[in-house]
Amino acid sequence: MEARPVLRPLTTLLNSCSRAGQTRLASSTRRTKKALKLPPHPSFLVSGAEADHITYNPPSAAPSVYHTPFKFLPPSDPRRQAQLSSLLRGSTGLAATAAVSNPTTVPATETTEKREVPALEEKHQVPVPKYNVTREQVAEMRALRASDPMKWSVVRLAERFECSKLFVMICCKASAEHQARERERKEAIKARWGPSRSLAREDRKKRRTLLLRGEL
Amino acid sequence: MTIRALERVSVGQNGIGSFILQCKRLDIHYCDHSGSSRGMNAFIKTHLPNFAKKNPAVEFAVSPRPRKHPVMIGHYINGRQKAICVANMEPSLILKKAELLRDASGDKVKRVNKPVTSINESETWGKDAISNVQSVLALDTNEDSPEYIVLLLPWWND
Amino acid sequence: MKRLRLDRLASQLLAAPISPAARLSRPSRISRSIPQACRHSSLYNTQPCQRRHQSTAVEPAPLEEELVHEPQDDESRPKPLRSSRGLPSPHPARAASSAKLAALHARLSLSSKIPVETLARALVDPSADAHPKYNNANLAYVGSTVLHYHTSETLITRYPRLPMDILFAAMKAYAGNPALHQVARAWGVEAAAAPGGEVDPGLLQFDPMKPTVVMNKWGYVRAETIESQTFKSGKGISGRVMYGSNPFGESSAAKSLPDLDDGRNSKTMLLQNAPANAYANFVRAVIGAVHMHCGRDAAKKFVMSHFLSRTLDLSKMFEFKLPTRELARLCAREDFDPPVARLESETGRLSRTPVFVVGIYSGMDKLGEAAGPDLDSARIAAAITVLKSWYLYSPGQVSVPSDTFAEDAAPWKPAYVDIGEIIS
């Protein structure tokens, strides 16, 4: 950002040099329009052999919540039977069910049919619970936490007993004075925030409430 | 109780489910002596009883207004009024004006230049995100962020 | 659901004083009042800009006369020929000559079986006339019962998985005071400036400063309701289902609303929105009148066409607290695979306005997707979408229990209704 005033004369100099070398930029209307021209969507391409047909190419739209997914249809619903038969008929197996099943969806295109559930990165993998902590270890954990909550923090205990932090927090409860101390520490940190940061935090809270109301 | 309800009120649209005629009262004023009321007096004598019988949902109030032009005033459910001066008009023309007042909705005359008016929400995907991006780009033209300025205004190219 | 014998309860409504001549003759709507017409119109004109003439202003009657009714009042209502000034509301015999009333009757396309006198009675709020034979309290009770019955059966069969809280709110959105107030306004009902015996019977008559009847109570109040109020309990949804004394799950007694029974009227006991309550009571009374004079089917049709045809977007009424946990509990309850959130597509991750599209899968089935400006809010938005698509499942147009009231109706097939809350 600060580099621009410095760089500006340099770029003008460069531009003037290149103007001497006749570099043309795509700046005319005709070239821009030509560059933006896209081929029509395949669903609009009609081969001559086909007589009457329906072109199905709706605008991209957010899926409506009133279109119940296939899995949520109760067994008594007639749509379940209808979609089940269409899924079995027009698909290559299980993968086809990955497409959002709503009543208006026409048999999906090739790309969506072959789609699998998207893979997850390694760091986002949810750890599988190991259920390795015994009753005695829980008692030990509680004793450690009660003895010195500063030293035996939740993270430390989770490392030691090879369980999740959530499990530690389910098992142990810190003493009131430790909780008060932690709260004071956080208050002190918050007091150091400047106006921009505290405003940003407040906005974040507001956005969260809006999100939970579905208004964001 | 993890779900809370946001209170809303259902929205009624006249004509869906039921229709309510929007004209609720028609005031008809005439003068016994003025020449401009001649057509109106004839209308009251000949057409009005039949017209009132055909439109039971409208309340008719006939009253004299001496030394003034005859006038018809329609009162509508939305609280507005519409007045038509019917001086020197033939009774048949006055009947047409009465029908106009009866059929009006009472709203201000508006230009309708969209083929569809709907209370339903648009379904376009990600419209908020896209409009957000555009507004941010527009805002950033005033700020010191060169990458956006390069996108919008090629200032070096003059 | 409680079975109400409306016909037995409300038979006295049909025995209201109606002169047979007035029932037959259609009133003429052309009120040709020669030079006094302006004066006449100023009587019912509610526009604030117009000044009231001295002679037409409602004289404030002594309070005792209006509130205290001797039992002999039932038989000997004063004749209209005598000065009608002493009456708290217009005499029923004047209904036949009211142009406004006839126009309102025709505007609502009411059947000719409903006499205009009943419509006039529907326009008298208990705050204007405390006498139960001349106000709309009883008609409004019948009407509110009919309205709530049809609203609830329609909502439950059409959206069988709605959570209780949303169901209550939806009931209120269709049949609560604000909605009924809007309906009455859309019907073109005007209120009189002040109630009295001399005003036009076609105007709604109520007094915001007098005690009235709040129509959202059930017939009786449970003993536990009073108890729960003393202990301040019953705030959860099951408490609202059990102890809520009105159809919208609210405890009306908690607000200490004025009632006809105890005629005390202090400032703290005044209604929040007296005009809305009066307008809503009129609408309920019209439904009650349709039910009493035209029968069950006509009342159902009336409710369907005027109230349940209104638009309400239920998907905008949800406010979630823990959507992801709720979705996980739902999948566990319904024996689905646990839900997982996956990133479907993204754009501009390093820009100021990134967009992430997150889909939620259960096993190989995709349940829903949503977009958001960061990964976490996109995941929450997707969970909300999935939960909404669960709650807003609709089997379409299915039959409701009241369909079986018809003579040649098919036997009732039980409707699908969900078992209840996911996290209560």
# chains A, B, ... in the order shown; residues from 1 in each chain; ligands from 1
$ closest_atom_pairs --of "chain C" --to "chain A" --cutoff "6 Å" --atoms "only C-alpha atoms" --output "Markdown table"
| residue | atom | partner | partner_atom | distance |
| --- | --- | --- | --- | --- |
| C:Glu319 | CA | A:Arg213 | CA | 4.4 |
| C:Phe320 | CA | A:Leu212 | CA | 5.2 |
| C:Met364 | CA | A:Ala98 | CA | 5.6 |
| C:Asp365 | CA | A:Ala98 | CA | 4.8 |
| C:Lys366 | CA | A:Ala98 | CA | 5.3 |
| C:Leu367 | CA | A:Pro69 | CA | 5.8 |
| C:Ser389 | CA | A:Val65 | CA | 4.5 |
| C:Tyr393 | CA | A:Thr68 | CA | 5.9 |
$ residues_around --residues "Leu203 (chain C)" --least-positions-apart "5" --cutoff "8 Å" --atoms "only C-alpha atoms" --output "list of chain:residue names"
C:Tyr44, C:Lys100, C:Leu101, C:Leu123, C:Val189, C:Glu190, C:Ala191, C:Ala192
$ interface_residues --of "chain C" --to "chain B" --cutoff "8 Å" --atoms "only C-alpha atoms" --output "MDAnalysis selection string"
chainID C and resid 29:35 37:38 99:100 102:108 163 165:166 169:170 172:174 178:179 183 185:188 236:237 304:306 309:312 316:322 326 353 355 371 373 423:424
$ select_by_dssp --residues "region 19-71 of chain B" --states "helix (DSSP H, G or I)" --output "PyMOL selection string"
chain B and resi 35-46+48-54
$ write_last_selection --atoms "C-alpha atoms" --output "PDB file, in the first residue's frame"
ATOM      1  CA  GLY B  35     -77.717  23.993 -14.925  1.00  0.00           C
ATOM      2  CA  SER B  36     -74.519  22.032 -14.461  1.00  0.00           C
ATOM      3  CA  SER B  37     -76.423  19.595 -12.228  1.00  0.00           C
ATOM      4  CA  ARG B  38     -79.080  18.788 -14.787  1.00  0.00           C
ATOM      5  CA  GLY B  39     -77.399  15.573 -15.852  1.00  0.00           C
ATOM      6  CA  MET B  40     -76.716  14.594 -12.271  1.00  0.00           C
ATOM      7  CA  ASN B  41     -80.333  15.105 -11.248  1.00  0.00           C
ATOM      8  CA  ALA B  42     -81.433  12.906 -14.111  1.00  0.00           C
ATOM      9  CA  PHE B  43     -78.844  10.317 -13.108  1.00  0.00           C
ATOM     10  CA  ILE B  44     -80.151  10.254  -9.536  1.00  0.00           C
ATOM     11  CA  LYS B  45     -83.694   9.794 -10.767  1.00  0.00           C
ATOM     12  CA  THR B  46     -83.089   7.207 -13.473  1.00  0.00           C
ATOM     13  CA  LEU B  48     -78.994   5.536  -9.313  1.00  0.00           C
ATOM     14  CA  PRO B  49     -81.620   3.184  -7.801  1.00  0.00           C
ATOM     15  CA  ASN B  50     -80.642   0.449 -10.219  1.00  0.00           C
ATOM     16  CA  PHE B  51     -76.927   1.072  -9.743  1.00  0.00           C
ATOM     17  CA  ALA B  52     -77.269   0.981  -5.964  1.00  0.00           C
ATOM     18  CA  LYS B  53     -79.223  -2.248  -6.146  1.00  0.00           C
ATOM     19  CA  LYS B  54     -76.503  -3.807  -8.242  1.00  0.00           C
TER      20      LYS B  54
END
$ decode --residues "region 82-107 of chain B" --atoms "N, CA and C atoms" --output "PDB file, in the first residue's frame"
ATOM      1  N   LYS B  82     -61.505   9.688  -3.607  1.00  0.00           N
ATOM      2  CA  LYS B  82     -61.332  10.046  -5.002  1.00  0.00           C
ATOM      3  C   LYS B  82     -62.575  10.820  -5.420  1.00  0.00           C
ATOM      4  N   ALA B  83     -62.392  12.025  -5.894  1.00  0.00           N
ATOM      5  CA  ALA B  83     -63.533  12.881  -6.239  1.00  0.00           C
ATOM      6  C   ALA B  83     -63.536  13.148  -7.736  1.00  0.00           C
ATOM      7  N   ILE B  84     -64.733  13.131  -8.320  1.00  0.00           N
ATOM      8  CA  ILE B  84     -64.873  13.450  -9.737  1.00  0.00           C
ATOM      9  C   ILE B  84     -65.970  14.502  -9.865  1.00  0.00           C
ATOM     10  N   CYS B  85     -65.642  15.576 -10.504  1.00  0.00           N
ATOM     11  CA  CYS B  85     -66.641  16.606 -10.767  1.00  0.00           C
ATOM     12  C   CYS B  85     -67.402  16.217 -12.025  1.00  0.00           C
ATOM     13  N   VAL B  86     -68.728  16.145 -11.923  1.00  0.00           N
ATOM     14  CA  VAL B  86     -69.507  15.670 -13.075  1.00  0.00           C
ATOM     15  C   VAL B  86     -70.398  16.779 -13.608  1.00  0.00           C
ATOM     16  N   ALA B  87     -69.878  18.009 -13.585  1.00  0.00           N
ATOM     17  CA  ALA B  87     -70.662  19.135 -14.081  1.00  0.00           C
ATOM     18  C   ALA B  87     -70.942  18.969 -15.568  1.00  0.00           C
ATOM     19  N   ASN B  88     -72.151  19.265 -15.979  1.00  0.00           N
ATOM     20  CA  ASN B  88     -72.581  19.286 -17.386  1.00  0.00           C
ATOM     21  C   ASN B  88     -72.413  17.945 -18.077  1.00  0.00           C
ATOM     22  N   MET B  89     -72.470  16.865 -17.357  1.00  0.00           N
ATOM     23  CA  MET B  89     -72.297  15.555 -17.992  1.00  0.00           C
ATOM     24  C   MET B  89     -73.652  14.914 -18.202  1.00  0.00           C
ATOM     25  N   GLU B  90     -73.688  14.055 -19.206  1.00  0.00           N
ATOM     26  CA  GLU B  90     -74.897  13.280 -19.477  1.00  0.00           C
ATOM     27  C   GLU B  90     -75.039  12.200 -18.401  1.00  0.00           C
ATOM     28  N   PRO B  91     -76.272  11.767 -18.133  1.00  0.00           N
ATOM     29  CA  PRO B  91     -76.440  10.711 -17.119  1.00  0.00           C
ATOM     30  C   PRO B  91     -75.665   9.440 -17.431  1.00  0.00           C
ATOM     31  N   SER B  92     -75.588   9.072 -18.709  1.00  0.00           N
ATOM     32  CA  SER B  92     -74.867   7.829 -19.037  1.00  0.00           C
ATOM     33  C   SER B  92     -73.374   7.973 -18.744  1.00  0.00           C
ATOM     34  N   LEU B  93     -72.856   9.171 -18.979  1.00  0.00           N
ATOM     35  CA  LEU B  93     -71.447   9.409 -18.687  1.00  0.00           C
ATOM     36  C   LEU B  93     -71.209   9.401 -17.177  1.00  0.00           C
ATOM     37  N   ILE B  94     -72.169   9.970 -16.442  1.00  0.00           N
ATOM     38  CA  ILE B  94     -72.048   9.972 -14.975  1.00  0.00           C
ATOM     39  C   ILE B  94     -72.069   8.542 -14.455  1.00  0.00           C
ATOM     40  N   LEU B  95     -72.871   7.706 -15.088  1.00  0.00           N
ATOM     41  CA  LEU B  95     -72.906   6.295 -14.680  1.00  0.00           C
ATOM     42  C   LEU B  95     -71.535   5.645 -14.876  1.00  0.00           C
ATOM     43  N   LYS B  96     -70.889   6.002 -16.001  1.00  0.00           N
ATOM     44  CA  LYS B  96     -69.540   5.468 -16.247  1.00  0.00           C
ATOM     45  C   LYS B  96     -68.572   5.936 -15.171  1.00  0.00           C
ATOM     46  N   LYS B  97     -68.719   7.209 -14.779  1.00  0.00           N
ATOM     47  CA  LYS B  97     -67.823   7.741 -13.741  1.00  0.00           C
ATOM     48  C   LYS B  97     -68.084   7.032 -12.410  1.00  0.00           C
ATOM     49  N   ALA B  98     -69.364   6.755 -12.142  1.00  0.00           N
ATOM     50  CA  ALA B  98     -69.682   6.053 -10.893  1.00  0.00           C
ATOM     51  C   ALA B  98     -69.073   4.662 -10.898  1.00  0.00           C
ATOM     52  N   GLU B  99     -69.116   4.010 -12.075  1.00  0.00           N
ATOM     53  CA  GLU B  99     -68.507   2.677 -12.170  1.00  0.00           C
ATOM     54  C   GLU B  99     -67.001   2.768 -11.974  1.00  0.00           C
ATOM     55  N   LEU B 100     -66.414   3.826 -12.510  1.00  0.00           N
ATOM     56  CA  LEU B 100     -64.965   4.013 -12.337  1.00  0.00           C
ATOM     57  C   LEU B 100     -64.614   4.142 -10.863  1.00  0.00           C
ATOM     58  N   LEU B 101     -65.413   4.944 -10.157  1.00  0.00           N
ATOM     59  CA  LEU B 101     -65.135   5.122  -8.725  1.00  0.00           C
ATOM     60  C   LEU B 101     -65.345   3.820  -7.967  1.00  0.00           C
ATOM     61  N   ARG B 102     -66.350   3.046  -8.358  1.00  0.00           N
ATOM     62  CA  ARG B 102     -66.629   1.791  -7.675  1.00  0.00           C
ATOM     63  C   ARG B 102     -65.485   0.805  -7.886  1.00  0.00           C
ATOM     64  N   ASP B 103     -64.938   0.781  -9.105  1.00  0.00           N
ATOM     65  CA  ASP B 103     -63.913  -0.212  -9.408  1.00  0.00           C
ATOM     66  C   ASP B 103     -62.520   0.198  -8.957  1.00  0.00           C
ATOM     67  N   ALA B 104     -62.338   1.466  -8.597  1.00  0.00           N
ATOM     68  CA  ALA B 104     -60.989   1.908  -8.232  1.00  0.00           C
ATOM     69  C   ALA B 104     -60.569   1.276  -6.917  1.00  0.00           C
ATOM     70  N   SER B 105     -59.254   1.174  -6.746  1.00  0.00           N
ATOM     71  CA  SER B 105     -58.758   0.584  -5.507  1.00  0.00           C
ATOM     72  C   SER B 105     -58.522   1.652  -4.453  1.00  0.00           C
ATOM     73  N   GLY B 106     -58.534   2.898  -4.861  1.00  0.00           N
ATOM     74  CA  GLY B 106     -58.279   3.960  -3.905  1.00  0.00           C
ATOM     75  C   GLY B 106     -56.822   4.325  -3.783  1.00  0.00           C
ATOM     76  N   ASP B 107     -55.958   3.513  -4.352  1.00  0.00           N
ATOM     77  CA  ASP B 107     -54.530   3.827  -4.306  1.00  0.00           C
ATOM     78  C   ASP B 107     -54.220   5.009  -5.213  1.00  0.00           C
TER      79      ASP B 107
END
